[in-house]
>>> print(open('entry.txt').read())   # compact mmCIF, N, CA and C atoms
# COMPACT_ATOMS: atom_id res chain seq x y z
N MET A 65 -19.81 21.54 -92.94
CA MET A 65 -19.30 21.04 -91.70
C MET A 65 -20.42 21.06 -90.67
N SER A 66 -20.62 19.97 -89.97
CA SER A 66 -21.67 19.93 -88.96
C SER A 66 -21.05 20.00 -87.57
N TYR A 67 -21.83 20.54 -86.64
CA TYR A 67 -21.34 20.75 -85.29
C TYR A 67 -22.28 20.06 -84.31
N LEU A 68 -21.73 19.65 -83.18
CA LEU A 68 -22.52 19.12 -82.09
C LEU A 68 -22.63 20.23 -81.06
N ASP A 69 -23.73 20.97 -81.12
CA ASP A 69 -23.90 22.13 -80.25
C ASP A 69 -24.46 21.70 -78.90
N PRO A 70 -24.13 22.46 -77.85
CA PRO A 70 -24.71 22.18 -76.53
C PRO A 70 -26.20 22.52 -76.54
N PRO A 71 -26.93 22.10 -75.52
CA PRO A 71 -28.37 22.39 -75.51
C PRO A 71 -28.64 23.89 -75.42
N ALA A 72 -29.60 24.32 -76.20
CA ALA A 72 -29.98 25.74 -76.22
C ALA A 72 -30.89 26.04 -75.04
N PRO A 73 -30.85 27.28 -74.54
CA PRO A 73 -31.83 27.68 -73.52
C PRO A 73 -33.23 27.57 -74.11
N ARG A 74 -34.17 27.11 -73.31
CA ARG A 74 -35.54 26.92 -73.79
C ARG A 74 -36.34 28.20 -73.65
N PRO A 75 -36.86 28.74 -74.75
CA PRO A 75 -37.68 29.95 -74.66
C PRO A 75 -39.02 29.64 -73.99
N LEU A 76 -39.66 30.67 -73.51
CA LEU A 76 -40.98 30.53 -72.92
C LEU A 76 -41.95 30.06 -74.00
N GLN A 77 -42.60 28.95 -73.74
CA GLN A 77 -43.53 28.36 -74.70
C GLN A 77 -44.94 28.93 -74.49
N PRO A 78 -45.72 29.07 -75.56
CA PRO A 78 -47.11 29.52 -75.38
C PRO A 78 -47.86 28.56 -74.45
N GLY A 79 -48.49 29.12 -73.47
CA GLY A 79 -49.26 28.31 -72.53
C GLY A 79 -48.43 27.73 -71.39
N GLU A 80 -47.12 27.95 -71.40
CA GLU A 80 -46.28 27.44 -70.32
C GLU A 80 -46.61 28.18 -69.03
N THR A 81 -46.68 27.43 -67.95
CA THR A 81 -47.02 28.02 -66.66
C THR A 81 -45.84 27.90 -65.71
N PRO A 82 -45.82 28.76 -64.69
CA PRO A 82 -44.74 28.69 -63.72
C PRO A 82 -44.82 27.39 -62.91
N PRO A 83 -43.81 27.15 -62.09
CA PRO A 83 -43.81 25.92 -61.30
C PRO A 83 -45.07 25.83 -60.44
N ALA A 84 -45.53 24.62 -60.25
CA ALA A 84 -46.73 24.39 -59.44
C ALA A 84 -46.42 24.69 -57.97
N ALA A 85 -47.42 25.20 -57.28
CA ALA A 85 -47.26 25.52 -55.87
C ALA A 85 -47.20 24.23 -55.05
N ASN A 86 -46.34 24.24 -54.03
CA ASN A 86 -46.31 23.12 -53.09
C ASN A 86 -46.10 23.68 -51.69
N GLY A 87 -46.02 22.85 -50.71
CA GLY A 87 -45.90 23.28 -49.32
C GLY A 87 -44.62 24.00 -49.01
N ASN A 88 -43.60 23.87 -49.85
CA ASN A 88 -42.31 24.50 -49.59
C ASN A 88 -42.14 25.85 -50.28
N ASP A 89 -43.20 26.33 -50.96
CA ASP A 89 -43.10 27.60 -51.69
C ASP A 89 -42.83 28.76 -50.75
N LEU A 90 -42.23 29.78 -51.30
CA LEU A 90 -42.03 31.01 -50.55
C LEU A 90 -43.38 31.64 -50.26
N LEU A 91 -43.50 32.23 -49.10
CA LEU A 91 -44.74 32.91 -48.76
C LEU A 91 -44.49 34.39 -48.59
N ILE A 92 -45.43 35.15 -49.08
CA ILE A 92 -45.39 36.59 -48.90
C ILE A 92 -46.00 36.87 -47.53
N PRO A 93 -45.47 37.86 -46.81
CA PRO A 93 -46.11 38.17 -45.52
C PRO A 93 -47.60 38.38 -45.71
N GLY A 94 -48.36 37.73 -44.88
CA GLY A 94 -49.81 37.78 -45.02
C GLY A 94 -50.34 36.43 -45.47
N GLY A 95 -49.44 35.48 -45.75
CA GLY A 95 -49.86 34.13 -46.08
C GLY A 95 -50.23 33.88 -47.53
N GLN A 96 -49.98 34.84 -48.42
CA GLN A 96 -50.33 34.62 -49.81
C GLN A 96 -49.19 33.89 -50.51
N ALA A 97 -49.55 33.07 -51.47
CA ALA A 97 -48.54 32.34 -52.24
C ALA A 97 -47.76 33.29 -53.14
N THR A 98 -46.54 32.93 -53.41
CA THR A 98 -45.68 33.74 -54.27
C THR A 98 -46.12 33.62 -55.72
N THR A 99 -46.11 34.73 -56.43
CA THR A 99 -46.37 34.69 -57.87
C THR A 99 -45.03 34.62 -58.58
N TRP A 100 -45.01 33.93 -59.69
CA TRP A 100 -43.77 33.69 -60.43
C TRP A 100 -43.80 34.42 -61.76
N VAL A 101 -42.63 34.85 -62.22
CA VAL A 101 -42.48 35.46 -63.54
C VAL A 101 -41.32 34.77 -64.26
N PHE A 102 -41.38 34.80 -65.58
CA PHE A 102 -40.29 34.23 -66.36
C PHE A 102 -39.06 35.12 -66.15
N ASN A 103 -37.96 34.51 -65.80
CA ASN A 103 -36.75 35.21 -65.42
C ASN A 103 -36.20 36.05 -66.59
N PRO A 104 -36.09 37.37 -66.42
CA PRO A 104 -35.56 38.21 -67.50
C PRO A 104 -34.11 37.87 -67.84
N GLU A 105 -33.33 37.42 -66.87
CA GLU A 105 -31.94 37.02 -67.14
C GLU A 105 -31.90 35.78 -68.03
N TYR A 106 -32.83 34.86 -67.78
CA TYR A 106 -32.89 33.65 -68.61
C TYR A 106 -33.35 34.03 -70.02
N GLN A 107 -34.31 34.94 -70.11
CA GLN A 107 -34.78 35.39 -71.43
C GLN A 107 -33.66 36.05 -72.20
N ARG A 108 -32.79 36.79 -71.50
CA ARG A 108 -31.63 37.43 -72.15
C ARG A 108 -30.74 36.36 -72.79
N LEU A 109 -30.56 35.23 -72.11
CA LEU A 109 -29.74 34.14 -72.65
C LEU A 109 -30.41 33.49 -73.86
N VAL A 110 -31.72 33.35 -73.81
CA VAL A 110 -32.47 32.81 -74.96
C VAL A 110 -32.29 33.74 -76.16
N ASP A 111 -32.45 35.03 -75.93
CA ASP A 111 -32.29 36.02 -77.01
C ASP A 111 -30.87 36.00 -77.56
N LEU A 112 -29.90 35.92 -76.67
CA LEU A 112 -28.50 35.89 -77.09
C LEU A 112 -28.23 34.68 -77.98
N TRP A 113 -28.76 33.51 -77.59
CA TRP A 113 -28.58 32.28 -78.37
C TRP A 113 -29.13 32.49 -79.79
N PHE A 114 -30.33 33.08 -79.87
CA PHE A 114 -30.95 33.27 -81.19
C PHE A 114 -30.26 34.36 -82.01
N GLN A 115 -29.50 35.24 -81.37
CA GLN A 115 -28.71 36.23 -82.11
C GLN A 115 -27.42 35.62 -82.63
N VAL A 116 -26.81 34.76 -81.82
CA VAL A 116 -25.50 34.19 -82.14
C VAL A 116 -25.59 33.09 -83.21
N MET A 117 -26.59 32.25 -83.13
CA MET A 117 -26.68 31.11 -84.05
C MET A 117 -26.66 31.49 -85.53
N PRO A 118 -27.46 32.45 -85.98
CA PRO A 118 -27.40 32.82 -87.41
C PRO A 118 -26.02 33.34 -87.82
N LEU A 119 -25.36 34.07 -86.91
CA LEU A 119 -24.03 34.57 -87.23
C LEU A 119 -23.03 33.43 -87.37
N MET A 120 -23.11 32.45 -86.49
CA MET A 120 -22.21 31.30 -86.57
C MET A 120 -22.45 30.51 -87.86
N GLU A 121 -23.70 30.35 -88.22
CA GLU A 121 -24.03 29.64 -89.46
C GLU A 121 -23.52 30.40 -90.68
N LYS A 122 -23.66 31.72 -90.63
CA LYS A 122 -23.21 32.54 -91.76
C LYS A 122 -21.69 32.43 -91.94
N ILE A 123 -20.96 32.51 -90.83
CA ILE A 123 -19.50 32.40 -90.90
C ILE A 123 -19.09 31.03 -91.42
N SER A 124 -19.76 29.99 -90.93
CA SER A 124 -19.45 28.63 -91.41
C SER A 124 -19.67 28.51 -92.91
N THR A 125 -20.78 29.05 -93.38
CA THR A 125 -21.10 28.99 -94.80
C THR A 125 -20.07 29.77 -95.62
N LEU A 126 -19.65 30.92 -95.09
CA LEU A 126 -18.66 31.72 -95.80
C LEU A 126 -17.31 30.99 -95.93
N LEU A 127 -16.97 30.15 -94.97
CA LEU A 127 -15.71 29.40 -95.06
C LEU A 127 -15.86 28.12 -95.88
N ASP A 128 -17.05 27.56 -95.93
CA ASP A 128 -17.26 26.30 -96.66
C ASP A 128 -17.04 26.47 -98.16
N ARG A 129 -17.51 27.56 -98.72
CA ARG A 129 -17.38 27.75 -100.18
C ARG A 129 -15.92 27.85 -100.62
N PRO A 130 -15.10 28.70 -100.00
CA PRO A 130 -13.70 28.74 -100.42
C PRO A 130 -12.97 27.41 -100.18
N TYR A 131 -13.35 26.72 -99.13
CA TYR A 131 -12.73 25.42 -98.84
C TYR A 131 -13.03 24.43 -99.96
N THR A 132 -14.29 24.39 -100.38
CA THR A 132 -14.68 23.51 -101.48
C THR A 132 -13.96 23.88 -102.77
N LEU A 133 -13.90 25.17 -103.05
CA LEU A 133 -13.22 25.62 -104.26
C LEU A 133 -11.72 25.33 -104.20
N ALA A 134 -11.11 25.52 -103.05
CA ALA A 134 -9.67 25.30 -102.91
C ALA A 134 -9.30 23.83 -103.08
N ARG A 135 -10.21 22.95 -102.71
CA ARG A 135 -9.94 21.50 -102.84
C ARG A 135 -10.14 21.00 -104.26
N SER A 136 -10.83 21.77 -105.08
CA SER A 136 -11.13 21.35 -106.44
C SER A 136 -9.89 21.46 -107.33
N PRO A 137 -9.55 20.40 -108.06
CA PRO A 137 -8.41 20.48 -108.98
C PRO A 137 -8.69 21.43 -110.15
N ASP A 138 -9.95 21.74 -110.42
CA ASP A 138 -10.29 22.68 -111.48
C ASP A 138 -9.90 24.11 -111.09
N THR A 139 -9.88 24.40 -109.80
CA THR A 139 -9.57 25.75 -109.34
C THR A 139 -8.07 25.97 -109.25
N TRP A 140 -7.36 24.99 -108.69
CA TRP A 140 -5.92 25.13 -108.46
C TRP A 140 -5.15 24.10 -109.24
N ASP A 141 -4.16 24.58 -109.88
CA ASP A 141 -3.23 23.67 -110.56
C ASP A 141 -1.82 24.13 -110.22
N ALA A 142 -1.60 24.26 -108.89
CA ALA A 142 -0.30 24.76 -108.44
C ALA A 142 0.01 24.18 -107.06
N PRO A 143 1.28 24.11 -106.71
CA PRO A 143 1.65 23.60 -105.40
C PRO A 143 1.10 24.43 -104.24
N VAL A 144 0.79 25.68 -104.49
CA VAL A 144 0.27 26.55 -103.45
C VAL A 144 -1.12 26.11 -102.99
N ALA A 145 -1.83 25.35 -103.79
CA ALA A 145 -3.18 24.92 -103.46
C ALA A 145 -3.22 24.15 -102.15
N LYS A 146 -2.26 23.27 -101.93
CA LYS A 146 -2.23 22.48 -100.70
C LYS A 146 -2.14 23.39 -99.48
N ARG A 147 -1.34 24.43 -99.56
CA ARG A 147 -1.19 25.36 -98.44
C ARG A 147 -2.50 26.10 -98.17
N TYR A 148 -3.17 26.53 -99.22
CA TYR A 148 -4.44 27.22 -99.04
C TYR A 148 -5.49 26.30 -98.40
N VAL A 149 -5.55 25.07 -98.85
CA VAL A 149 -6.50 24.11 -98.28
C VAL A 149 -6.19 23.90 -96.80
N GLU A 150 -4.92 23.78 -96.44
CA GLU A 150 -4.54 23.60 -95.04
C GLU A 150 -4.91 24.82 -94.19
N GLN A 151 -4.68 26.01 -94.75
CA GLN A 151 -5.01 27.23 -94.00
C GLN A 151 -6.52 27.37 -93.78
N ILE A 152 -7.28 27.12 -94.82
CA ILE A 152 -8.74 27.22 -94.69
C ILE A 152 -9.25 26.15 -93.74
N SER A 153 -8.67 24.97 -93.82
CA SER A 153 -9.06 23.89 -92.90
C SER A 153 -8.76 24.29 -91.46
N GLU A 154 -7.63 24.92 -91.23
CA GLU A 154 -7.28 25.38 -89.88
C GLU A 154 -8.28 26.43 -89.39
N TRP A 155 -8.68 27.34 -90.28
CA TRP A 155 -9.67 28.35 -89.89
C TRP A 155 -11.02 27.71 -89.58
N ARG A 156 -11.38 26.69 -90.33
CA ARG A 156 -12.64 25.98 -90.05
C ARG A 156 -12.57 25.30 -88.69
N THR A 157 -11.43 24.73 -88.35
CA THR A 157 -11.25 24.09 -87.04
C THR A 157 -11.35 25.13 -85.93
N ARG A 158 -10.69 26.27 -86.13
CA ARG A 158 -10.74 27.35 -85.13
C ARG A 158 -12.16 27.87 -84.96
N LEU A 159 -12.88 27.98 -86.06
CA LEU A 159 -14.26 28.43 -85.99
C LEU A 159 -15.10 27.44 -85.19
N GLY A 160 -14.89 26.15 -85.41
CA GLY A 160 -15.62 25.13 -84.66
C GLY A 160 -15.34 25.23 -83.17
N LEU A 161 -14.09 25.47 -82.80
CA LEU A 161 -13.73 25.63 -81.39
C LEU A 161 -14.35 26.90 -80.80
N TYR A 162 -14.32 27.96 -81.58
CA TYR A 162 -14.92 29.23 -81.12
C TYR A 162 -16.43 29.07 -80.94
N ARG A 163 -17.06 28.45 -81.91
CA ARG A 163 -18.50 28.21 -81.83
C ARG A 163 -18.83 27.40 -80.59
N GLN A 164 -18.07 26.34 -80.35
CA GLN A 164 -18.31 25.49 -79.19
C GLN A 164 -18.15 26.28 -77.89
N ALA A 165 -17.12 27.12 -77.82
CA ALA A 165 -16.88 27.90 -76.61
C ALA A 165 -18.01 28.90 -76.35
N VAL A 166 -18.43 29.62 -77.38
CA VAL A 166 -19.47 30.63 -77.22
C VAL A 166 -20.80 29.97 -76.82
N LEU A 167 -21.19 28.94 -77.56
CA LEU A 167 -22.48 28.31 -77.28
C LEU A 167 -22.47 27.57 -75.94
N THR A 168 -21.34 26.99 -75.57
CA THR A 168 -21.25 26.31 -74.28
C THR A 168 -21.36 27.31 -73.13
N SER A 169 -20.75 28.48 -73.28
CA SER A 169 -20.84 29.47 -72.21
C SER A 169 -22.29 29.94 -72.03
N ILE A 170 -23.01 30.13 -73.12
CA ILE A 170 -24.43 30.52 -73.03
C ILE A 170 -25.24 29.39 -72.41
N SER A 171 -25.01 28.18 -72.88
CA SER A 171 -25.75 27.02 -72.39
C SER A 171 -25.48 26.76 -70.90
N ASP A 172 -24.22 26.86 -70.49
CA ASP A 172 -23.88 26.64 -69.08
C ASP A 172 -24.50 27.69 -68.18
N GLU A 173 -24.46 28.94 -68.62
CA GLU A 173 -25.07 30.00 -67.81
C GLU A 173 -26.58 29.79 -67.72
N ALA A 174 -27.21 29.37 -68.82
CA ALA A 174 -28.65 29.11 -68.80
C ALA A 174 -28.98 27.95 -67.87
N ALA A 175 -28.12 26.95 -67.83
CA ALA A 175 -28.36 25.80 -66.95
C ALA A 175 -28.29 26.22 -65.48
N ASP A 176 -27.50 27.25 -65.18
CA ASP A 176 -27.34 27.72 -63.80
C ASP A 176 -28.30 28.85 -63.43
N THR A 177 -29.11 29.30 -64.38
CA THR A 177 -30.04 30.40 -64.14
C THR A 177 -31.46 29.85 -64.10
N PRO A 178 -32.20 30.14 -63.03
CA PRO A 178 -33.59 29.63 -62.96
C PRO A 178 -34.46 30.25 -64.04
N ARG A 179 -35.37 29.45 -64.57
CA ARG A 179 -36.28 29.95 -65.59
C ARG A 179 -37.36 30.84 -64.99
N TRP A 180 -37.78 30.55 -63.80
CA TRP A 180 -38.85 31.29 -63.14
C TRP A 180 -38.33 31.86 -61.83
N VAL A 181 -38.72 33.08 -61.51
CA VAL A 181 -38.33 33.71 -60.26
C VAL A 181 -39.57 34.32 -59.60
N PRO A 182 -39.54 34.44 -58.28
CA PRO A 182 -40.65 35.13 -57.61
C PRO A 182 -40.74 36.58 -58.10
N SER A 183 -41.93 37.05 -58.32
CA SER A 183 -42.10 38.38 -58.93
C SER A 183 -41.62 39.51 -58.04
N LYS A 184 -41.60 39.34 -56.75
CA LYS A 184 -41.16 40.41 -55.85
C LYS A 184 -39.65 40.45 -55.71
N ALA A 185 -38.95 39.38 -56.08
CA ALA A 185 -37.49 39.31 -55.92
C ALA A 185 -36.81 39.75 -57.21
N GLY A 186 -35.57 40.18 -57.08
CA GLY A 186 -34.76 40.46 -58.27
C GLY A 186 -34.40 39.15 -58.92
N ALA A 187 -34.20 39.16 -60.21
CA ALA A 187 -33.88 37.93 -60.93
C ALA A 187 -32.47 37.47 -60.57
N PRO A 188 -32.34 36.26 -60.00
CA PRO A 188 -31.00 35.77 -59.69
C PRO A 188 -30.22 35.48 -60.96
N HIS A 189 -28.95 35.68 -60.89
CA HIS A 189 -28.07 35.49 -62.03
C HIS A 189 -27.05 34.43 -61.68
N ALA A 190 -26.69 33.62 -62.64
CA ALA A 190 -25.78 32.50 -62.38
C ALA A 190 -24.42 32.98 -61.88
N TYR A 191 -23.94 34.10 -62.39
CA TYR A 191 -22.60 34.56 -62.02
C TYR A 191 -22.67 35.97 -61.45
N SER A 192 -23.29 36.10 -60.31
CA SER A 192 -23.46 37.43 -59.67
C SER A 192 -22.14 37.94 -59.16
>>> encode(input="entry.txt", output="structure tokens")
Amino acid sequence: MSYLDPPAPRPLQPGETPPAANGNDLLIPGGQATTWVFNPEYQRLVDLWFQVMPLMEKISTLLDRPYTLARSPDTWDAPVAKRYVEQISEWRTRLGLYRQAVLTSISDEAADTPRWVPSKAGAPHAYS
């Protein structure tokens, strides 16, 4: 079963630099430009995404095998087979909805959380 997942939070890429300075940047008292750091809250979301995805794939794989076997006429030669196929199909649908909900919540929070924050400020969080 394939899924249409929401966009994943983008991890910090090697060589990626913070936003370029412009005239509207925050200034530190004394006239120095603000230094930026990769937001630890955003990194937490990236890490969470990479923890959740393998688990979701594993659960999907665990349900796919019994579903395939239950649909095979070689496995079942009884009226109960139809009920088992329907139940497993329902669980696969529920898993798809659960997967969509979990990944969407991570993706939405990442979209609302800045990737870079000024180093002197606390990391802003999407849902403070």
>>> select_by_dssp(input="entry.txt", residues="stretch 66-189 of chain A", states="strand (DSSP E)", output="list in words")
Leu91, Ile92, Gln96, Ala97, Trp100, Val101, Phe102, Trp180, Val181 and Pro182 of chain A
>>> select_by_dssp(input="entry.txt", residues="stretch 101-150 of chain A", states="helix (DSSP H, G or I)", output="PyMOL selection string")
chain A and resi 104-135+144-150
>>> closest_residue(input="entry.txt", among="A:Tyr148, A:Thr98, A:Pro137, A:Ala72", to="A:Pro182", atoms="all atoms listed in the file")
A:Thr98
>>> closest_residue(input="entry.txt", among="A:Thr139, A:Gln115, A:Gln107, A:Ser171", to="A:Pro71", atoms="only C-alpha atoms")
A:Ser171
>>> residues_around(input="entry.txt", residues="A:Trp113", least_positions_apart="2", cutoff="8 Å", atoms="all atoms listed in the file", output="JSON, numbers by chain")
{"A": [72, 73, 107, 108, 109, 110, 111, 115, 116, 117, 118, 167, 170, 171]}
>>> residues_around(input="entry.txt", residues="A:Gln164", least_positions_apart="3", cutoff="9 Å", atoms="only C-alpha atoms", output="list in words")
Tyr67, Leu68, Asp69, Pro70, Leu159, Gly160, Leu161, Leu167, Thr168 and Ser169 of chain A
>>> write_last_selection(input="entry.txt", atoms="N, CA and C atoms", output="PDB file, keeping the file's coordinate frame")
ATOM      1  N   TYR A  67     -21.830  20.540 -86.640  1.00  0.00           N
ATOM      2  CA  TYR A  67     -21.340  20.750 -85.290  1.00  0.00           C
ATOM      3  C   TYR A  67     -22.280  20.060 -84.310  1.00  0.00           C
ATOM      4  N   LEU A  68     -21.730  19.650 -83.180  1.00  0.00           N
ATOM      5  CA  LEU A  68     -22.520  19.120 -82.090  1.00  0.00           C
ATOM      6  C   LEU A  68     -22.630  20.230 -81.060  1.00  0.00           C
ATOM      7  N   ASP A  69     -23.730  20.970 -81.120  1.00  0.00           N
ATOM      8  CA  ASP A  69     -23.900  22.130 -80.250  1.00  0.00           C
ATOM      9  C   ASP A  69     -24.460  21.700 -78.900  1.00  0.00           C
ATOM     10  N   PRO A  70     -24.130  22.460 -77.850  1.00  0.00           N
ATOM     11  CA  PRO A  70     -24.710  22.180 -76.530  1.00  0.00           C
ATOM     12  C   PRO A  70     -26.200  22.520 -76.540  1.00  0.00           C
ATOM     13  N   LEU A 159     -12.880  27.980 -86.060  1.00  0.00           N
ATOM     14  CA  LEU A 159     -14.260  28.430 -85.990  1.00  0.00           C
ATOM     15  C   LEU A 159     -15.100  27.440 -85.190  1.00  0.00           C
ATOM     16  N   GLY A 160     -14.890  26.150 -85.410  1.00  0.00           N
ATOM     17  CA  GLY A 160     -15.620  25.130 -84.660  1.00  0.00           C
ATOM     18  C   GLY A 160     -15.340  25.230 -83.170  1.00  0.00           C
ATOM     19  N   LEU A 161     -14.090  25.470 -82.800  1.00  0.00           N
ATOM     20  CA  LEU A 161     -13.730  25.630 -81.390  1.00  0.00           C
ATOM     21  C   LEU A 161     -14.350  26.900 -80.800  1.00  0.00           C
ATOM     22  N   LEU A 167     -21.190  28.940 -77.560  1.00  0.00           N
ATOM     23  CA  LEU A 167     -22.480  28.310 -77.280  1.00  0.00           C
ATOM     24  C   LEU A 167     -22.470  27.570 -75.940  1.00  0.00           C
ATOM     25  N   THR A 168     -21.340  26.990 -75.570  1.00  0.00           N
ATOM     26  CA  THR A 168     -21.250  26.310 -74.280  1.00  0.00           C
ATOM     27  C   THR A 168     -21.360  27.310 -73.130  1.00  0.00           C
ATOM     28  N   SER A 169     -20.750  28.480 -73.280  1.00  0.00           N
ATOM     29  CA  SER A 169     -20.840  29.470 -72.210  1.00  0.00           C
ATOM     30  C   SER A 169     -22.290  29.940 -72.030  1.00  0.00           C
TER      31      SER A 169
END
>>> closest_residue(input="entry.txt", among="A:Thr99, A:Glu105, A:Ala84, A:Leu126", to="A:Pro178", atoms="only C-alpha atoms")
A:Glu105
>>> atom_distance(input="entry.txt", atom1="atom N of A:Pro82", atom2="atom C of A:Ser183")
13.3 Å
>>> atom_distance(input="entry.txt", atom1="atom CA of A:Val149", atom2="atom CA of A:Arg135")
6.3 Å
>>> atom_distance(input="entry.txt", atom1="atom CA of A:Ala174", atom2="atom CA of A:Thr125")
27.1 Å
>>> closest_residue(input="entry.txt", among="A:Arg156, A:Asp176, A:Pro104, A:Tyr162", to="A:Leu127", atoms="all atoms listed in the file")
A:Arg156
